[in-house]
Number of protein chains: 2
Amino acid sequence: MEMTTRDLILEETRRQIAEHGLDATTIRGVARRAAVDPALVRHYFHTRQELIDEATELDLDIRRMVRVVVHGSPKLAGRRLVGTVLAVWDSPEAGLVPMARLAAALTDQNAAALARTDLIEQFLGEVITRLGADQPRLRAQLIAAQLLGLALFRYLVSEPVLASATAPGLTAVLGDAVGCYLTEPL
Amino acid sequence: MEMTTRDLILEETRRQIAEHGLDATTIRGVARRAAVDPALVRHYFHTRQELIDEATELDLDIRRMVRVVVHGSPKLAGRRLVGTVLAVWDSPEAGLVPMARLAAALTDQNAAALARTDLIEQFLGEVITRLGADQPRLRAQLIAAQLLGLALFRYLVSEPVLASATAPGLTAVLGDAVGCYLTEPL
DNA sequence: CGTTGAATTCCCCGCTTGTTGAGAAAGGGA
DNA sequence: TCCCTTTCTCAACAAGCGGGGAATTCAACG
């Protein structure tokens, strides 16, 4: 694993966003902590926005995730859903990207970017329609609210109780509630 | 209802915070939209922090709210809880204060302020211990996650589906799930 | 009228930010 | 050796920010 200066800057950017928020993440601040000249940041990423964009870029195999959740007993679809999402968020390979992405969306303009995440727009929508439930939009937002609230406390606030819980434990606790939003009549 | 310039500034501050976030809320920006000199803001509220604090100040009768939720059938405690919280958030008299407060907490440092809200620390904690459930801290955070996620979409993002739903409707949909977190064994 | 005190404005300071252009090391073929 | 590309630094700009002092309007009261 070679670590170029470019990657170092990206990683530091993610750390700043996740720890102190998008607005507090400045080119100069990132450069300072990366022991690098601010102009170098501009050399690799021409503008601040491009830096933010690249640092929070995350590509997921949404179709595979949808397949995993939809396949199998509908009773347990909620648990599989929570498990799949937590697997992404806890993934060491993804590192800080998901948290930085969430923190960035939270303060981007009026947080409206939150609703246009891949997670909600694509993943949840697809899962629900595949399961053939009514009011897919309402269900997707209820589940998204539950999951984003969880992410807020588990990753950004790092509240001990939720942050130290294991993924399977959380899946067990949240899975059935999410399952209700997924399939039960509203 | 007399509207002093001071109140106008406070109201405009809340609007800025709720719409564009805490960090984007500047003394000069507020003054500009209020058609007022920035120095006047400083005259009333000596520092930016004091302005923010006063604009997001919200006093609730927590004890009354706890009483309302705890009293009555435990089966319906979840619904009463959701109804009580929504009544506060939707209250026209409170106006923009709750949303501004939430948006401010979201970007305050690392959002850690979120966990120390009256809502969670006092209200939820008190309700759960009064109902005599185990693991009060975990339950409080699960419910807080659900409710804050809802607030995010309903008020800040203003996603049509959740924003246009009626309070009783949401209470019906969310009440029982919250009730599970409140009393069911985890 | 004059005075007094609050409401409001003007001008200034020091600081940080994003962005920029010009140029300095470094390193690897030819 | 020369040269060219990549990597990186220096110095500077214009803008926006929070804060602060001093002065001005303005309405009410004597």
# chains A, B, ... in the order shown; residues from 1 in each chain; ligands from 1

call {"tool": "interface_residues", "arguments": {"of": "chain A", "to": "chain D", "cutoff": "12 Å", "atoms": "only C-alpha atoms (C1' of nucleotides)", "output": "list of chain:residue names"}}
result
A:Thr4, A:Thr5, A:Arg6, A:Ala35, A:Val36, A:Asp37, A:Pro38, A:Ala39, A:Leu40, A:Val41, A:Arg42, A:His43, A:Tyr44

call {"tool": "interface_residues", "arguments": {"of": "chain C", "to": "chain A", "cutoff": "12 Å", "atoms": "only C-alpha atoms (C1' of nucleotides)", "output": "list of chain:residue names"}}
result
C:DT16, C:DT17, C:DG18, C:DT19, C:DT20, C:DG21

call {"tool": "closest_atom_pairs", "arguments": {"of": "chain A", "to": "chain B", "cutoff": "8 Å", "atoms": "only C-alpha atoms", "output": "Markdown table"}}
result
| residue | atom | partner | partner_atom | distance |
| --- | --- | --- | --- | --- |
| A:Ala18 | CA | B:Asn110 | CA | 7.9 |
| A:Glu19 | CA | B:Asn110 | CA | 5.7 |
| A:His20 | CA | B:Asn110 | CA | 5.1 |
| A:Gly21 | CA | B:Asn110 | CA | 6.5 |
| A:Asp23 | CA | B:Asp23 | CA | 6.6 |
| A:Leu106 | CA | B:Leu106 | CA | 7.7 |
| A:Thr107 | CA | B:Gly21 | CA | 6.4 |
| A:Gln109 | CA | B:His20 | CA | 5.4 |
| A:Asn110 | CA | B:His20 | CA | 5.0 |
| A:Ala111 | CA | B:Val157 | CA | 5.8 |
| A:Ala112 | CA | B:Val157 | CA | 4.7 |
| A:Leu114 | CA | B:Val157 | CA | 7.4 |
| A:Ala115 | CA | B:Val157 | CA | 7.2 |
| A:Arg137 | CA | B:Val161 | CA | 7.2 |
| A:Leu138 | CA | B:Val161 | CA | 6.1 |
| A:Gln141 | CA | B:Leu162 | CA | 7.4 |
| A:Leu142 | CA | B:Leu150 | CA | 7.2 |
| A:Ala144 | CA | B:Gly149 | CA | 7.5 |
| A:Ala145 | CA | B:Gly149 | CA | 3.9 |
| A:Gln146 | CA | B:Gln146 | CA | 4.6 |
| A:Leu147 | CA | B:Gly149 | CA | 7.6 |
| A:Leu148 | CA | B:Gly149 | CA | 5.9 |
| A:Gly149 | CA | B:Ala145 | CA | 3.9 |
| A:Leu150 | CA | B:Ala145 | CA | 5.2 |
| A:Leu152 | CA | B:Ala145 | CA | 7.4 |
| A:Phe153 | CA | B:Ala145 | CA | 6.9 |
| A:Leu156 | CA | B:Asn110 | CA | 6.7 |
| A:Val157 | CA | B:Ala112 | CA | 4.8 |
| A:Ser158 | CA | B:Ala112 | CA | 7.9 |
| A:Glu159 | CA | B:Ala115 | CA | 7.5 |
| A:Val161 | CA | B:Leu138 | CA | 6.1 |
| A:Leu162 | CA | B:Leu138 | CA | 7.0 |
| A:Val173 | CA | B:Leu186 | CA | 6.2 |
| A:Ala177 | CA | B:Ala177 | CA | 6.0 |
| A:Leu186 | CA | B:Val173 | CA | 6.2 |

call {"tool": "residues_around", "arguments": {"residues": "Glu126 of chain A", "least_positions_apart": "4", "cutoff": "7 Å", "atoms": "only C-alpha atoms (C1' of nucleotides)", "output": "short mmCIF file (atom, residue, chain, number, x, y, z; two decimals) with N, CA and C atoms, in the first residue's frame"}}
result
data_model
loop_
_atom_site.label_atom_id
_atom_site.label_comp_id
_atom_site.auth_asym_id
_atom_site.auth_seq_id
_atom_site.Cartn_x
_atom_site.Cartn_y
_atom_site.Cartn_z
N VAL A 66 -28.85 -4.84 -2.93
CA VAL A 66 -30.29 -5.05 -3.07
C VAL A 66 -30.60 -6.54 -3.14
N GLN A 122 -31.54 5.25 -4.28
CA GLN A 122 -31.42 4.03 -5.06
C GLN A 122 -31.66 2.76 -4.23
N ARG A 130 -38.99 -3.89 -4.90
CA ARG A 130 -38.79 -5.32 -5.15
C ARG A 130 -39.62 -6.17 -4.19
#

call {"tool": "select_by_dssp", "arguments": {"residues": "chain A", "states": "helix (DSSP H, G or I)", "output": "number ranges by chain"}}
result
A: 5-20, 27-33, 38-44, 48-55, 62-70, 74-90, 97-107, 112-116, 118-131, 136-157, 160-164, 167-183

call {"tool": "atom_distance", "arguments": {"atom1": "atom CA of Thr13 of chain A", "atom2": "atom CA of Pro98 of chain A"}}
result
12.9 Å

call {"tool": "closest_residue", "arguments": {"among": "A:Ile62, A:Ile9, A:Ala105, A:Leu51", "to": "Arg32 of chain A", "atoms": "only C-alpha atoms"}}
result
A:Ile9

call {"tool": "closest_residue", "arguments": {"among": "B:Gly179, B:Gly78, B:Ala163, B:Arg101", "to": "Asp59 of chain B", "atoms": "only C-alpha atoms"}}
result
B:Arg101

call {"tool": "decode", "arguments": {"residues": "segment 28-69 of chain A", "atoms": "N, CA and C atoms", "output": "mmCIF file, in the first residue's frame"}}
result
data_model
loop_
_atom_site.group_PDB
_atom_site.id
_atom_site.type_symbol
_atom_site.label_atom_id
_atom_site.label_comp_id
_atom_site.auth_asym_id
_atom_site.auth_seq_id
_atom_site.Cartn_x
_atom_site.Cartn_y
_atom_site.Cartn_z
ATOM 1 N N ARG A 28 -6.428 25.220 3.799
ATOM 2 C CA ARG A 28 -5.244 25.529 4.600
ATOM 3 C C ARG A 28 -5.134 24.631 5.818
ATOM 4 N N GLY A 29 -6.258 24.328 6.436
ATOM 5 C CA GLY A 29 -6.237 23.460 7.605
ATOM 6 C C GLY A 29 -5.771 22.058 7.253
ATOM 7 N N VAL A 30 -6.299 21.537 6.160
ATOM 8 C CA VAL A 30 -5.887 20.211 5.708
ATOM 9 C C VAL A 30 -4.395 20.213 5.390
ATOM 10 N N ALA A 31 -3.952 21.222 4.678
ATOM 11 C CA ALA A 31 -2.542 21.308 4.304
ATOM 12 C C ALA A 31 -1.656 21.391 5.543
ATOM 13 N N ARG A 32 -2.111 22.154 6.527
ATOM 14 C CA ARG A 32 -1.330 22.320 7.749
ATOM 15 C C ARG A 32 -1.089 20.976 8.421
ATOM 16 N N ARG A 33 -2.183 20.207 8.581
ATOM 17 C CA ARG A 33 -2.060 18.924 9.268
ATOM 18 C C ARG A 33 -1.335 17.891 8.429
ATOM 19 N N ALA A 34 -1.378 18.066 7.132
ATOM 20 C CA ALA A 34 -0.672 17.129 6.264
ATOM 21 C C ALA A 34 0.768 17.588 6.036
ATOM 22 N N ALA A 35 1.155 18.685 6.694
ATOM 23 C CA ALA A 35 2.521 19.211 6.575
ATOM 24 C C ALA A 35 2.885 19.441 5.117
ATOM 25 N N VAL A 36 2.034 20.242 4.485
ATOM 26 C CA VAL A 36 2.137 20.436 3.045
ATOM 27 C C VAL A 36 1.718 21.873 2.727
ATOM 28 N N ASP A 37 2.195 22.398 1.662
ATOM 29 C CA ASP A 37 1.808 23.759 1.297
ATOM 30 C C ASP A 37 0.398 23.770 0.699
ATOM 31 N N PRO A 38 -0.401 24.763 1.089
ATOM 32 C CA PRO A 38 -1.770 24.838 0.560
ATOM 33 C C PRO A 38 -1.815 24.834 -0.963
ATOM 34 N N ALA A 39 -0.798 25.411 -1.571
ATOM 35 C CA ALA A 39 -0.809 25.467 -3.036
ATOM 36 C C ALA A 39 -0.678 24.088 -3.656
ATOM 37 N N LEU A 40 -0.119 23.166 -2.887
ATOM 38 C CA LEU A 40 0.007 21.807 -3.418
ATOM 39 C C LEU A 40 -1.366 21.153 -3.533
ATOM 40 N N VAL A 41 -2.211 21.471 -2.574
ATOM 41 C CA VAL A 41 -3.575 20.942 -2.619
ATOM 42 C C VAL A 41 -4.254 21.403 -3.901
ATOM 43 N N ARG A 42 -4.073 22.682 -4.187
ATOM 44 C CA ARG A 42 -4.657 23.210 -5.416
ATOM 45 C C ARG A 42 -4.051 22.555 -6.656
ATOM 46 N N HIS A 43 -2.815 22.157 -6.540
ATOM 47 C CA HIS A 43 -2.168 21.524 -7.694
ATOM 48 C C HIS A 43 -2.844 20.201 -8.039
ATOM 49 N N TYR A 44 -3.176 19.416 -7.002
ATOM 50 C CA TYR A 44 -3.803 18.120 -7.262
ATOM 51 C C TYR A 44 -5.307 18.260 -7.519
ATOM 52 N N PHE A 45 -5.973 19.006 -6.652
ATOM 53 C CA PHE A 45 -7.415 19.220 -6.787
ATOM 54 C C PHE A 45 -7.588 20.705 -7.037
ATOM 55 N N HIS A 46 -8.085 21.063 -8.157
ATOM 56 C CA HIS A 46 -8.004 22.463 -8.555
ATOM 57 C C HIS A 46 -8.752 23.403 -7.621
ATOM 58 N N THR A 47 -9.870 22.968 -7.105
ATOM 59 C CA THR A 47 -10.642 23.831 -6.219
ATOM 60 C C THR A 47 -11.072 23.057 -4.970
ATOM 61 N N ARG A 48 -11.505 23.809 -3.990
ATOM 62 C CA ARG A 48 -11.918 23.189 -2.741
ATOM 63 C C ARG A 48 -13.046 22.198 -2.977
ATOM 64 N N GLN A 49 -14.001 22.561 -3.803
ATOM 65 C CA GLN A 49 -15.146 21.698 -4.052
ATOM 66 C C GLN A 49 -14.697 20.360 -4.619
ATOM 67 N N GLU A 50 -13.733 20.413 -5.547
ATOM 68 C CA GLU A 50 -13.253 19.159 -6.129
ATOM 69 C C GLU A 50 -12.583 18.290 -5.079
ATOM 70 N N LEU A 51 -11.854 18.937 -4.181
ATOM 71 C CA LEU A 51 -11.223 18.192 -3.087
ATOM 72 C C LEU A 51 -12.276 17.488 -2.247
ATOM 73 N N ILE A 52 -13.288 18.243 -1.834
ATOM 74 C CA ILE A 52 -14.367 17.661 -1.037
ATOM 75 C C ILE A 52 -15.026 16.513 -1.795
ATOM 76 N N ASP A 53 -15.335 16.756 -3.060
ATOM 77 C CA ASP A 53 -16.030 15.737 -3.847
ATOM 78 C C ASP A 53 -15.235 14.444 -3.901
ATOM 79 N N GLU A 54 -13.961 14.573 -4.210
ATOM 80 C CA GLU A 54 -13.159 13.358 -4.356
ATOM 81 C C GLU A 54 -12.962 12.660 -3.015
ATOM 82 N N ALA A 55 -12.865 13.448 -1.950
ATOM 83 C CA ALA A 55 -12.644 12.854 -0.630
ATOM 84 C C ALA A 55 -13.874 12.099 -0.149
ATOM 85 N N THR A 56 -15.048 12.514 -0.606
ATOM 86 C CA THR A 56 -16.277 11.875 -0.124
ATOM 87 C C THR A 56 -16.887 10.954 -1.172
ATOM 88 N N GLU A 57 -16.091 10.617 -2.168
ATOM 89 C CA GLU A 57 -16.596 9.743 -3.224
ATOM 90 C C GLU A 57 -16.614 8.302 -2.737
ATOM 91 N N LEU A 58 -17.733 7.645 -2.962
ATOM 92 C CA LEU A 58 -17.889 6.262 -2.478
ATOM 93 C C LEU A 58 -18.707 5.497 -3.492
ATOM 94 N N ASP A 59 -18.120 4.473 -4.050
ATOM 95 C CA ASP A 59 -18.914 3.696 -4.992
ATOM 96 C C ASP A 59 -19.297 2.363 -4.375
ATOM 97 N N LEU A 60 -20.569 2.095 -4.434
ATOM 98 C CA LEU A 60 -21.105 0.875 -3.843
ATOM 99 C C LEU A 60 -21.707 0.008 -4.928
ATOM 100 N N ASP A 61 -21.672 -1.269 -4.672
ATOM 101 C CA ASP A 61 -22.357 -2.186 -5.580
ATOM 102 C C ASP A 61 -23.802 -2.308 -5.110
ATOM 103 N N ILE A 62 -24.565 -1.270 -5.464
ATOM 104 C CA ILE A 62 -25.936 -1.192 -4.972
ATOM 105 C C ILE A 62 -26.732 -2.426 -5.365
ATOM 106 N N ARG A 63 -26.560 -2.857 -6.605
ATOM 107 C CA ARG A 63 -27.356 -4.000 -7.070
ATOM 108 C C ARG A 63 -27.092 -5.254 -6.258
ATOM 109 N N ARG A 64 -25.826 -5.456 -5.914
ATOM 110 C CA ARG A 64 -25.505 -6.636 -5.107
ATOM 111 C C ARG A 64 -26.177 -6.508 -3.731
ATOM 112 N N MET A 65 -26.114 -5.316 -3.148
ATOM 113 C CA MET A 65 -26.714 -5.107 -1.831
ATOM 114 C C MET A 65 -28.223 -5.354 -1.885
ATOM 115 N N VAL A 66 -28.850 -4.844 -2.934
ATOM 116 C CA VAL A 66 -30.292 -5.047 -3.068
ATOM 117 C C VAL A 66 -30.599 -6.537 -3.136
ATOM 118 N N ARG A 67 -29.815 -7.256 -3.917
ATOM 119 C CA ARG A 67 -30.042 -8.691 -4.077
ATOM 120 C C ARG A 67 -29.949 -9.412 -2.731
ATOM 121 N N VAL A 68 -28.935 -9.077 -1.956
ATOM 122 C CA VAL A 68 -28.737 -9.719 -0.661
ATOM 123 C C VAL A 68 -29.950 -9.514 0.240
ATOM 124 N N VAL A 69 -30.477 -8.302 0.229
ATOM 125 C CA VAL A 69 -31.590 -7.992 1.131
ATOM 126 C C VAL A 69 -32.880 -8.659 0.664
#
